[in-house]
$ cat coords34.txt   # compact mmCIF, N, CA and C atoms
# COMPACT_ATOMS: atom_id res chain seq x y z
N GLN E 1 56.48 76.48 124.65
CA GLN E 1 56.53 77.92 124.75
C GLN E 1 57.98 78.36 124.58
N VAL E 2 58.16 79.56 124.04
CA VAL E 2 59.49 80.08 123.79
C VAL E 2 59.58 81.48 124.37
N GLN E 3 60.74 81.81 124.89
CA GLN E 3 61.01 83.18 125.35
C GLN E 3 62.04 83.81 124.42
N LEU E 4 61.80 85.06 124.08
CA LEU E 4 62.64 85.77 123.13
C LEU E 4 63.29 86.98 123.80
N VAL E 5 64.59 87.12 123.57
CA VAL E 5 65.33 88.24 124.15
C VAL E 5 66.13 88.94 123.05
N GLU E 6 65.81 90.22 122.83
CA GLU E 6 66.50 91.01 121.81
C GLU E 6 67.69 91.74 122.41
N SER E 7 68.64 92.06 121.53
CA SER E 7 69.78 92.88 121.92
C SER E 7 70.33 93.55 120.68
N GLY E 8 71.19 94.55 120.88
CA GLY E 8 71.87 95.16 119.77
C GLY E 8 71.41 96.55 119.38
N GLY E 9 70.36 97.02 120.04
CA GLY E 9 69.90 98.37 119.73
C GLY E 9 70.86 99.42 120.25
N GLY E 10 70.58 100.68 119.91
CA GLY E 10 71.42 101.76 120.39
C GLY E 10 71.14 103.05 119.68
N LEU E 11 71.98 104.04 119.98
CA LEU E 11 71.90 105.37 119.36
C LEU E 11 73.00 105.47 118.32
N VAL E 12 72.60 105.72 117.08
CA VAL E 12 73.57 105.81 116.00
C VAL E 12 73.24 107.01 115.13
N GLN E 13 74.20 107.38 114.29
CA GLN E 13 73.97 108.47 113.35
C GLN E 13 73.39 107.94 112.05
N ALA E 14 72.69 108.79 111.35
CA ALA E 14 72.16 108.42 110.04
C ALA E 14 73.28 107.92 109.15
N GLY E 15 72.97 106.85 108.41
CA GLY E 15 73.97 106.25 107.53
C GLY E 15 74.72 105.10 108.16
N SER E 16 74.56 104.93 109.46
CA SER E 16 75.27 103.86 110.18
C SER E 16 74.55 102.52 110.03
N SER E 17 75.16 101.51 110.63
CA SER E 17 74.60 100.17 110.59
C SER E 17 74.44 99.63 112.02
N LEU E 18 73.50 98.74 112.17
CA LEU E 18 73.30 98.02 113.43
C LEU E 18 72.91 96.59 113.11
N ARG E 19 73.27 95.68 114.00
CA ARG E 19 72.78 94.31 113.89
C ARG E 19 72.05 93.96 115.17
N LEU E 20 70.77 93.70 115.02
CA LEU E 20 69.96 93.26 116.13
C LEU E 20 69.97 91.74 116.21
N SER E 21 69.95 91.25 117.44
CA SER E 21 69.91 89.80 117.66
C SER E 21 68.70 89.46 118.52
N CYS E 22 68.19 88.28 118.33
CA CYS E 22 67.08 87.79 119.15
C CYS E 22 67.34 86.31 119.43
N THR E 23 67.53 86.00 120.69
CA THR E 23 67.81 84.62 121.07
C THR E 23 66.59 84.01 121.75
N ALA E 24 66.28 82.81 121.33
CA ALA E 24 65.10 82.12 121.84
C ALA E 24 65.49 81.00 122.79
N SER E 25 64.68 80.81 123.81
CA SER E 25 64.86 79.68 124.70
C SER E 25 64.10 78.49 124.14
N GLY E 26 64.36 77.31 124.64
CA GLY E 26 63.60 76.15 124.24
C GLY E 26 64.23 75.40 123.09
N ARG E 27 63.66 74.24 122.78
CA ARG E 27 64.23 73.33 121.81
C ARG E 27 63.49 73.32 120.48
N THR E 28 62.49 74.18 120.36
CA THR E 28 61.63 74.11 119.18
C THR E 28 61.81 75.29 118.25
N PHE E 29 62.95 75.97 118.32
CA PHE E 29 63.18 77.18 117.53
C PHE E 29 62.99 76.93 116.05
N THR E 30 63.39 75.77 115.58
CA THR E 30 63.31 75.50 114.15
C THR E 30 61.89 75.36 113.65
N THR E 31 60.94 75.24 114.54
CA THR E 31 59.54 75.12 114.12
C THR E 31 58.82 76.46 114.10
N TYR E 32 59.55 77.54 114.39
CA TYR E 32 58.95 78.86 114.46
C TYR E 32 59.33 79.72 113.26
N ILE E 33 58.34 80.34 112.65
CA ILE E 33 58.69 81.46 111.78
C ILE E 33 59.12 82.60 112.70
N MET E 34 60.04 83.41 112.24
CA MET E 34 60.56 84.50 113.05
C MET E 34 60.45 85.81 112.29
N GLY E 35 59.96 86.81 112.97
CA GLY E 35 59.82 88.11 112.33
C GLY E 35 60.38 89.22 113.19
N TRP E 36 60.64 90.35 112.54
CA TRP E 36 61.00 91.58 113.23
C TRP E 36 59.91 92.61 112.95
N PHE E 37 59.53 93.31 113.97
CA PHE E 37 58.57 94.39 113.88
C PHE E 37 59.15 95.60 114.59
N ARG E 38 58.56 96.76 114.35
CA ARG E 38 59.00 97.96 115.05
C ARG E 38 57.81 98.84 115.38
N GLN E 39 58.00 99.65 116.41
CA GLN E 39 56.95 100.57 116.82
C GLN E 39 57.57 101.90 117.21
N ALA E 40 57.20 102.92 116.48
CA ALA E 40 57.66 104.27 116.77
C ALA E 40 56.65 104.94 117.70
N PRO E 41 57.06 105.98 118.43
CA PRO E 41 56.13 106.66 119.35
C PRO E 41 54.89 107.15 118.63
N GLY E 42 53.73 106.82 119.18
CA GLY E 42 52.48 107.29 118.62
C GLY E 42 52.01 106.54 117.39
N LYS E 43 52.74 105.49 117.02
CA LYS E 43 52.37 104.73 115.82
C LYS E 43 52.10 103.28 116.18
N GLU E 44 51.43 102.60 115.28
CA GLU E 44 51.15 101.19 115.48
C GLU E 44 52.41 100.36 115.18
N ARG E 45 52.44 99.18 115.77
CA ARG E 45 53.54 98.26 115.50
C ARG E 45 53.45 97.82 114.04
N GLU E 46 54.59 97.82 113.35
CA GLU E 46 54.58 97.49 111.94
C GLU E 46 55.62 96.42 111.60
N PHE E 47 55.31 95.70 110.54
CA PHE E 47 56.17 94.64 110.05
C PHE E 47 57.47 95.21 109.49
N VAL E 48 58.58 94.51 109.74
CA VAL E 48 59.87 94.88 109.17
C VAL E 48 60.38 93.76 108.26
N ALA E 49 60.46 92.53 108.80
CA ALA E 49 61.01 91.43 108.03
C ALA E 49 60.59 90.11 108.65
N VAL E 50 60.59 89.05 107.84
CA VAL E 50 60.25 87.72 108.32
C VAL E 50 61.14 86.71 107.62
N ILE E 51 61.43 85.63 108.33
CA ILE E 51 62.23 84.54 107.78
C ILE E 51 61.53 83.23 108.08
N THR E 52 61.50 82.34 107.10
CA THR E 52 60.84 81.06 107.27
C THR E 52 61.66 80.12 108.16
N ARG E 53 61.07 79.00 108.47
CA ARG E 53 61.67 78.09 109.46
C ARG E 53 63.06 77.61 109.07
N SER E 54 63.22 77.29 107.82
CA SER E 54 64.52 76.80 107.36
C SER E 54 65.49 77.94 107.06
N GLY E 55 64.95 79.13 106.94
CA GLY E 55 65.77 80.28 106.55
C GLY E 55 65.89 80.44 105.05
N SER E 56 65.18 79.63 104.30
CA SER E 56 65.33 79.66 102.85
C SER E 56 64.62 80.84 102.20
N SER E 57 63.64 81.41 102.89
CA SER E 57 62.91 82.54 102.32
C SER E 57 62.83 83.68 103.31
N THR E 58 62.97 84.89 102.77
CA THR E 58 62.87 86.10 103.58
C THR E 58 62.01 87.13 102.85
N TYR E 59 61.36 87.97 103.64
CA TYR E 59 60.49 89.00 103.08
C TYR E 59 60.67 90.26 103.90
N TYR E 60 60.52 91.41 103.22
CA TYR E 60 60.79 92.68 103.87
C TYR E 60 59.70 93.70 103.58
N ALA E 61 59.55 94.62 104.53
CA ALA E 61 58.73 95.80 104.28
C ALA E 61 59.44 96.66 103.25
N ASP E 62 58.66 97.36 102.45
CA ASP E 62 59.26 98.23 101.43
C ASP E 62 60.18 99.27 102.04
N SER E 63 59.86 99.70 103.25
CA SER E 63 60.62 100.77 103.89
C SER E 63 62.06 100.36 104.24
N VAL E 64 62.32 99.06 104.34
CA VAL E 64 63.67 98.59 104.71
C VAL E 64 64.30 97.73 103.63
N LYS E 65 63.56 97.40 102.61
CA LYS E 65 64.06 96.51 101.56
C LYS E 65 65.30 97.12 100.91
N GLY E 66 66.31 96.29 100.75
CA GLY E 66 67.57 96.76 100.18
C GLY E 66 68.54 97.31 101.19
N ARG E 67 68.05 97.59 102.40
CA ARG E 67 68.92 98.13 103.46
C ARG E 67 69.06 97.16 104.63
N SER E 68 68.20 96.15 104.66
CA SER E 68 68.18 95.25 105.82
C SER E 68 68.23 93.80 105.38
N THR E 69 68.78 92.97 106.25
CA THR E 69 68.84 91.54 105.99
C THR E 69 68.47 90.77 107.24
N ILE E 70 67.48 89.90 107.13
CA ILE E 70 67.11 89.03 108.23
C ILE E 70 67.76 87.67 107.99
N SER E 71 68.25 87.06 109.04
CA SER E 71 68.87 85.75 108.94
C SER E 71 68.66 85.00 110.25
N ARG E 72 68.89 83.72 110.22
CA ARG E 72 68.75 82.94 111.46
C ARG E 72 69.81 81.87 111.52
N ASP E 73 70.22 81.56 112.73
CA ASP E 73 71.15 80.47 112.98
C ASP E 73 70.41 79.50 113.89
N ASN E 74 69.87 78.46 113.33
CA ASN E 74 69.05 77.54 114.11
C ASN E 74 69.87 76.78 115.15
N ALA E 75 71.15 76.63 114.92
CA ALA E 75 72.00 75.96 115.90
C ALA E 75 72.18 76.81 117.16
N LYS E 76 72.05 78.14 116.98
CA LYS E 76 72.19 79.06 118.12
C LYS E 76 70.86 79.61 118.59
N ASN E 77 69.77 79.13 118.01
CA ASN E 77 68.43 79.64 118.40
C ASN E 77 68.37 81.16 118.29
N THR E 78 68.95 81.71 117.26
CA THR E 78 69.05 83.16 117.14
C THR E 78 68.64 83.64 115.76
N VAL E 79 67.93 84.74 115.75
CA VAL E 79 67.58 85.42 114.51
C VAL E 79 68.20 86.81 114.56
N TYR E 80 68.64 87.29 113.41
CA TYR E 80 69.33 88.56 113.32
C TYR E 80 68.60 89.51 112.37
N LEU E 81 68.82 90.79 112.58
CA LEU E 81 68.38 91.80 111.63
C LEU E 81 69.54 92.77 111.44
N GLN E 82 70.17 92.68 110.30
CA GLN E 82 71.24 93.60 109.93
C GLN E 82 70.62 94.79 109.23
N MET E 83 70.85 95.98 109.76
CA MET E 83 70.28 97.19 109.19
C MET E 83 71.40 98.13 108.79
N ASN E 84 71.38 98.53 107.53
CA ASN E 84 72.40 99.42 106.98
C ASN E 84 71.76 100.73 106.53
N SER E 85 72.59 101.72 106.31
CA SER E 85 72.11 103.02 105.83
C SER E 85 70.91 103.50 106.64
N LEU E 86 71.06 103.46 107.93
CA LEU E 86 69.94 103.82 108.80
C LEU E 86 69.53 105.26 108.62
N LYS E 87 68.22 105.49 108.75
CA LYS E 87 67.62 106.81 108.59
C LYS E 87 66.94 107.20 109.89
N PRO E 88 66.75 108.49 110.13
CA PRO E 88 66.02 108.90 111.34
C PRO E 88 64.64 108.26 111.45
N GLU E 89 64.00 108.02 110.32
CA GLU E 89 62.67 107.39 110.36
C GLU E 89 62.71 105.92 110.74
N ASP E 90 63.88 105.34 110.89
CA ASP E 90 64.01 103.98 111.40
C ASP E 90 63.96 103.94 112.93
N THR E 91 63.94 105.11 113.55
CA THR E 91 63.89 105.17 115.01
C THR E 91 62.61 104.53 115.53
N ALA E 92 62.77 103.55 116.40
CA ALA E 92 61.63 102.81 116.94
C ALA E 92 62.14 101.79 117.95
N VAL E 93 61.20 101.20 118.65
CA VAL E 93 61.51 99.99 119.42
C VAL E 93 61.32 98.81 118.48
N TYR E 94 62.33 97.97 118.41
CA TYR E 94 62.30 96.82 117.52
C TYR E 94 62.03 95.56 118.33
N TYR E 95 61.06 94.78 117.85
CA TYR E 95 60.65 93.56 118.52
C TYR E 95 60.88 92.35 117.61
N CYS E 96 61.37 91.28 118.18
CA CYS E 96 61.33 90.04 117.43
C CYS E 96 60.12 89.24 117.90
N ALA E 97 59.62 88.42 117.00
CA ALA E 97 58.42 87.65 117.28
C ALA E 97 58.54 86.29 116.63
N GLY E 98 57.89 85.31 117.24
CA GLY E 98 57.92 83.96 116.71
C GLY E 98 56.56 83.31 116.78
N ASP E 99 56.33 82.38 115.86
CA ASP E 99 55.07 81.65 115.87
C ASP E 99 55.24 80.25 115.30
N PRO E 100 54.63 79.25 115.93
CA PRO E 100 54.79 77.88 115.47
C PRO E 100 53.73 77.38 114.48
N ASP E 101 52.72 78.21 114.24
CA ASP E 101 51.61 77.77 113.40
C ASP E 101 52.02 77.75 111.93
N TYR E 102 51.96 76.57 111.33
CA TYR E 102 52.36 76.45 109.93
C TYR E 102 51.44 77.21 108.99
N ALA E 103 50.28 77.57 109.47
CA ALA E 103 49.36 78.36 108.65
C ALA E 103 49.83 79.80 108.51
N HIS E 104 50.73 80.23 109.41
CA HIS E 104 51.21 81.61 109.39
C HIS E 104 52.53 81.73 108.65
N TYR E 105 52.62 81.04 107.54
CA TYR E 105 53.85 81.05 106.76
C TYR E 105 54.22 82.46 106.34
N ALA E 106 55.40 82.92 106.80
CA ALA E 106 55.93 84.22 106.41
C ALA E 106 54.94 85.36 106.64
N SER E 107 54.16 85.25 107.70
CA SER E 107 53.13 86.26 107.96
C SER E 107 53.75 87.63 108.27
N ARG E 108 53.06 88.69 107.83
CA ARG E 108 53.44 90.07 108.12
C ARG E 108 52.50 90.70 109.15
N GLN E 109 51.61 89.88 109.71
CA GLN E 109 50.59 90.40 110.60
C GLN E 109 50.98 90.24 112.06
N VAL E 110 50.87 91.32 112.81
CA VAL E 110 51.19 91.29 114.23
C VAL E 110 50.39 90.21 114.95
N GLN E 111 49.11 90.10 114.62
CA GLN E 111 48.22 89.18 115.33
C GLN E 111 48.54 87.71 115.07
N ASP E 112 49.38 87.42 114.09
CA ASP E 112 49.71 86.03 113.79
C ASP E 112 50.89 85.50 114.60
N TYR E 113 51.48 86.34 115.40
CA TYR E 113 52.65 85.93 116.18
C TYR E 113 52.27 85.76 117.65
N ALA E 114 52.57 84.59 118.19
CA ALA E 114 52.18 84.28 119.56
C ALA E 114 53.21 84.74 120.59
N TYR E 115 54.45 84.83 120.20
CA TYR E 115 55.52 85.10 121.17
C TYR E 115 56.31 86.33 120.74
N TRP E 116 56.60 87.17 121.74
CA TRP E 116 57.27 88.45 121.49
C TRP E 116 58.38 88.66 122.51
N GLY E 117 59.44 89.34 122.04
CA GLY E 117 60.46 89.79 122.95
C GLY E 117 60.06 91.09 123.61
N GLN E 118 60.94 91.59 124.44
CA GLN E 118 60.64 92.82 125.19
C GLN E 118 60.95 94.07 124.40
N GLY E 119 61.67 93.94 123.31
CA GLY E 119 61.99 95.07 122.46
C GLY E 119 63.35 95.67 122.76
N THR E 120 63.95 96.25 121.74
CA THR E 120 65.21 96.96 121.89
C THR E 120 65.12 98.29 121.14
N GLN E 121 65.56 99.35 121.77
CA GLN E 121 65.41 100.69 121.20
C GLN E 121 66.50 100.95 120.16
N VAL E 122 66.07 101.44 119.02
CA VAL E 122 66.99 101.93 117.99
C VAL E 122 66.67 103.40 117.75
N THR E 123 67.67 104.24 117.93
CA THR E 123 67.51 105.67 117.72
C THR E 123 68.55 106.12 116.71
N VAL E 124 68.07 106.75 115.64
CA VAL E 124 68.95 107.22 114.58
C VAL E 124 68.90 108.74 114.55
N SER E 125 70.03 109.37 114.78
CA SER E 125 70.08 110.83 114.79
C SER E 125 70.47 111.34 113.41
N SER E 126 69.98 112.51 113.10
CA SER E 126 70.26 113.09 111.76
C SER E 126 71.53 113.94 111.78

$ encode --input "coords34.txt" --output "structure tokens"
Amino acid sequence: QVQLVESGGGLVQAGSSLRLSCTASGRTFTTYIMGWFRQAPGKEREFVAVITRSGSSTYYADSVKGRSTISRDNAKNTVYLQMNSLKPEDTAVYYCAGDPDYAHYASRQVQDYAYWGQGTQVTVSS
């Protein structure tokens, strides 16, 4: 089992950048796909980005593609989400998630992730 703790959220102006971090406990981080999701008030949780176990492949939602970069440092048990050119519509609680099932390769589905962090708030003002 792994525990995930996010950090790095905050209140920023449109056009700014933020880097979210998610640190995992345990020794099996390299066996987990890691994803970022977000949930805005009154909306369902949605996929943002995912990175494969080795970090060799990344995938993004169209809404953040070109503005965000997901990366991982397996030596530090940490996954990052660098977000640039932030927009008010990026305002949400951001969650990192992990899953060890090899069948869930680069999954974009909430239900495919077994472990979730507590979330970090990102608020973008116009």

$ atom_distance --input "coords34.txt" --atom1 "atom N of E:Thr31" --atom2 "atom N of E:Arg19"
23.9 Å

$ closest_residue --input "coords34.txt" --among "E:His104, E:Arg53, E:Arg38, E:Lys87" --to "E:Ser125" --atoms "only C-alpha atoms"
E:Lys87

$ select_by_dssp --input "coords34.txt" --residues "chain E" --states "helix (DSSP H, G or I)" --output "tab-separated table (two decimals) with N, CA and C atoms, keeping the file's coordinate frame"
chain	number	residue	atom	x	y	z
E	29	PHE	N	62.95	75.97	118.32
E	29	PHE	CA	63.18	77.18	117.53
E	29	PHE	C	62.99	76.93	116.05
E	30	THR	N	63.39	75.77	115.58
E	30	THR	CA	63.31	75.50	114.15
E	30	THR	C	61.89	75.36	113.65
E	31	THR	N	60.94	75.24	114.54
E	31	THR	CA	59.54	75.12	114.12
E	31	THR	C	58.82	76.46	114.10
E	88	PRO	N	66.75	108.49	110.13
E	88	PRO	CA	66.02	108.90	111.34
E	88	PRO	C	64.64	108.26	111.45
E	89	GLU	N	64.00	108.02	110.32
E	89	GLU	CA	62.67	107.39	110.36
E	89	GLU	C	62.71	105.92	110.74
E	90	ASP	N	63.88	105.34	110.89
E	90	ASP	CA	64.01	103.98	111.40
E	90	ASP	C	63.96	103.94	112.93
E	102	TYR	N	51.96	76.57	111.33
E	102	TYR	CA	52.36	76.45	109.93
E	102	TYR	C	51.44	77.21	108.99
E	103	ALA	N	50.28	77.57	109.47
E	103	ALA	CA	49.36	78.36	108.65
E	103	ALA	C	49.83	79.80	108.51
E	104	HIS	N	50.73	80.23	109.41
E	104	HIS	CA	51.21	81.61	109.39
E	104	HIS	C	52.53	81.73	108.65
E	110	VAL	N	50.87	91.32	112.81
E	110	VAL	CA	51.19	91.29	114.23
E	110	VAL	C	50.39	90.21	114.95
E	111	GLN	N	49.11	90.10	114.62
E	111	GLN	CA	48.22	89.18	115.33
E	111	GLN	C	48.54	87.71	115.07
E	112	ASP	N	49.38	87.42	114.09
E	112	ASP	CA	49.71	86.03	113.79
E	112	ASP	C	50.89	85.50	114.60

$ residues_near_point --input "coords34.txt" --point "(61.0, 93.9, 118.3)" --cutoff "6 Å" --atoms "all atoms listed in the file" --output "number ranges by chain"
E: 36-38, 93-97, 119-120

$ write_last_selection --input "coords34.txt" --atoms "N, CA and C atoms" --output "compact mmCIF listing (two decimals), in the coordinates of the input"
# COMPACT_ATOMS: atom_id res chain seq x y z
N TRP E 36 60.64 90.35 112.54
CA TRP E 36 61.00 91.58 113.23
C TRP E 36 59.91 92.61 112.95
N PHE E 37 59.53 93.31 113.97
CA PHE E 37 58.57 94.39 113.88
C PHE E 37 59.15 95.60 114.59
N ARG E 38 58.56 96.76 114.35
CA ARG E 38 59.00 97.96 115.05
C ARG E 38 57.81 98.84 115.38
N VAL E 93 61.20 101.20 118.65
CA VAL E 93 61.51 99.99 119.42
C VAL E 93 61.32 98.81 118.48
N TYR E 94 62.33 97.97 118.41
CA TYR E 94 62.30 96.82 117.52
C TYR E 94 62.03 95.56 118.33
N TYR E 95 61.06 94.78 117.85
CA TYR E 95 60.65 93.56 118.52
C TYR E 95 60.88 92.35 117.61
N CYS E 96 61.37 91.28 118.18
CA CYS E 96 61.33 90.04 117.43
C CYS E 96 60.12 89.24 117.90
N ALA E 97 59.62 88.42 117.00
CA ALA E 97 58.42 87.65 117.28
C ALA E 97 58.54 86.29 116.63
N GLY E 119 61.67 93.94 123.31
CA GLY E 119 61.99 95.07 122.46
C GLY E 119 63.35 95.67 122.76
N THR E 120 63.95 96.25 121.74
CA THR E 120 65.21 96.96 121.89
C THR E 120 65.12 98.29 121.14

$ select_by_dssp --input "coords34.txt" --residues "chain E" --states "strand (DSSP E or B)" --output "PyMOL selection string"
chain E and resi 4-7+10-13+18-24+33-39+46-51+58-60+68-73+78-83+92-99+115-116+120-125

$ build_atoms --input "coords34.txt" --residues "stretch 58-74 of chain E" --atoms "N, CA, C and O atoms" --output "short mmCIF file (atom, residue, chain, number, x, y, z; two decimals), in the coordinates of the input"
data_model
loop_
_atom_site.label_atom_id
_atom_site.label_comp_id
_atom_site.auth_asym_id
_atom_site.auth_seq_id
_atom_site.Cartn_x
_atom_site.Cartn_y
_atom_site.Cartn_z
N THR E 58 62.97 84.89 102.77
CA THR E 58 62.87 86.10 103.58
C THR E 58 62.01 87.13 102.85
O THR E 58 61.97 87.16 101.62
N TYR E 59 61.36 87.97 103.64
CA TYR E 59 60.49 89.00 103.08
C TYR E 59 60.67 90.26 103.90
O TYR E 59 60.89 90.20 105.11
N TYR E 60 60.52 91.41 103.22
CA TYR E 60 60.79 92.68 103.87
C TYR E 60 59.70 93.70 103.58
O TYR E 60 59.06 93.68 102.54
N ALA E 61 59.55 94.62 104.53
CA ALA E 61 58.73 95.80 104.28
C ALA E 61 59.44 96.66 103.25
O ALA E 61 60.68 96.71 103.20
N ASP E 62 58.66 97.36 102.45
CA ASP E 62 59.26 98.23 101.43
C ASP E 62 60.18 99.27 102.04
O ASP E 62 61.17 99.66 101.43
N SER E 63 59.86 99.70 103.25
CA SER E 63 60.62 100.77 103.89
C SER E 63 62.06 100.36 104.24
O SER E 63 62.92 101.22 104.41
N VAL E 64 62.32 99.06 104.34
CA VAL E 64 63.67 98.59 104.71
C VAL E 64 64.30 97.73 103.63
O VAL E 64 65.48 97.36 103.75
N LYS E 65 63.56 97.40 102.61
CA LYS E 65 64.06 96.51 101.56
C LYS E 65 65.30 97.12 100.91
O LYS E 65 65.33 98.30 100.59
N GLY E 66 66.31 96.29 100.75
CA GLY E 66 67.57 96.76 100.18
C GLY E 66 68.54 97.31 101.19
O GLY E 66 69.73 97.50 100.89
N ARG E 67 68.05 97.59 102.40
CA ARG E 67 68.92 98.13 103.46
C ARG E 67 69.06 97.16 104.63
O ARG E 67 69.93 97.36 105.49
N SER E 68 68.20 96.15 104.66
CA SER E 68 68.18 95.25 105.82
C SER E 68 68.23 93.80 105.38
O SER E 68 67.77 93.46 104.28
N THR E 69 68.78 92.97 106.25
CA THR E 69 68.84 91.54 105.99
C THR E 69 68.47 90.77 107.24
O THR E 69 69.07 91.00 108.30
N ILE E 70 67.48 89.90 107.13
CA ILE E 70 67.11 89.03 108.23
C ILE E 70 67.76 87.67 107.99
O ILE E 70 67.81 87.18 106.85
N SER E 71 68.25 87.06 109.04
CA SER E 71 68.87 85.75 108.94
C SER E 71 68.66 85.00 110.25
O SER E 71 68.26 85.61 111.26
N ARG E 72 68.89 83.72 110.22
CA ARG E 72 68.75 82.94 111.46
C ARG E 72 69.81 81.87 111.52
O ARG E 72 70.24 81.35 110.48
N ASP E 73 70.22 81.56 112.73
CA ASP E 73 71.15 80.47 112.98
C ASP E 73 70.41 79.50 113.89
O ASP E 73 70.33 79.72 115.11
N ASN E 74 69.87 78.46 113.33
CA ASN E 74 69.05 77.54 114.11
C ASN E 74 69.87 76.78 115.15
O ASN E 74 69.33 76.34 116.17
#
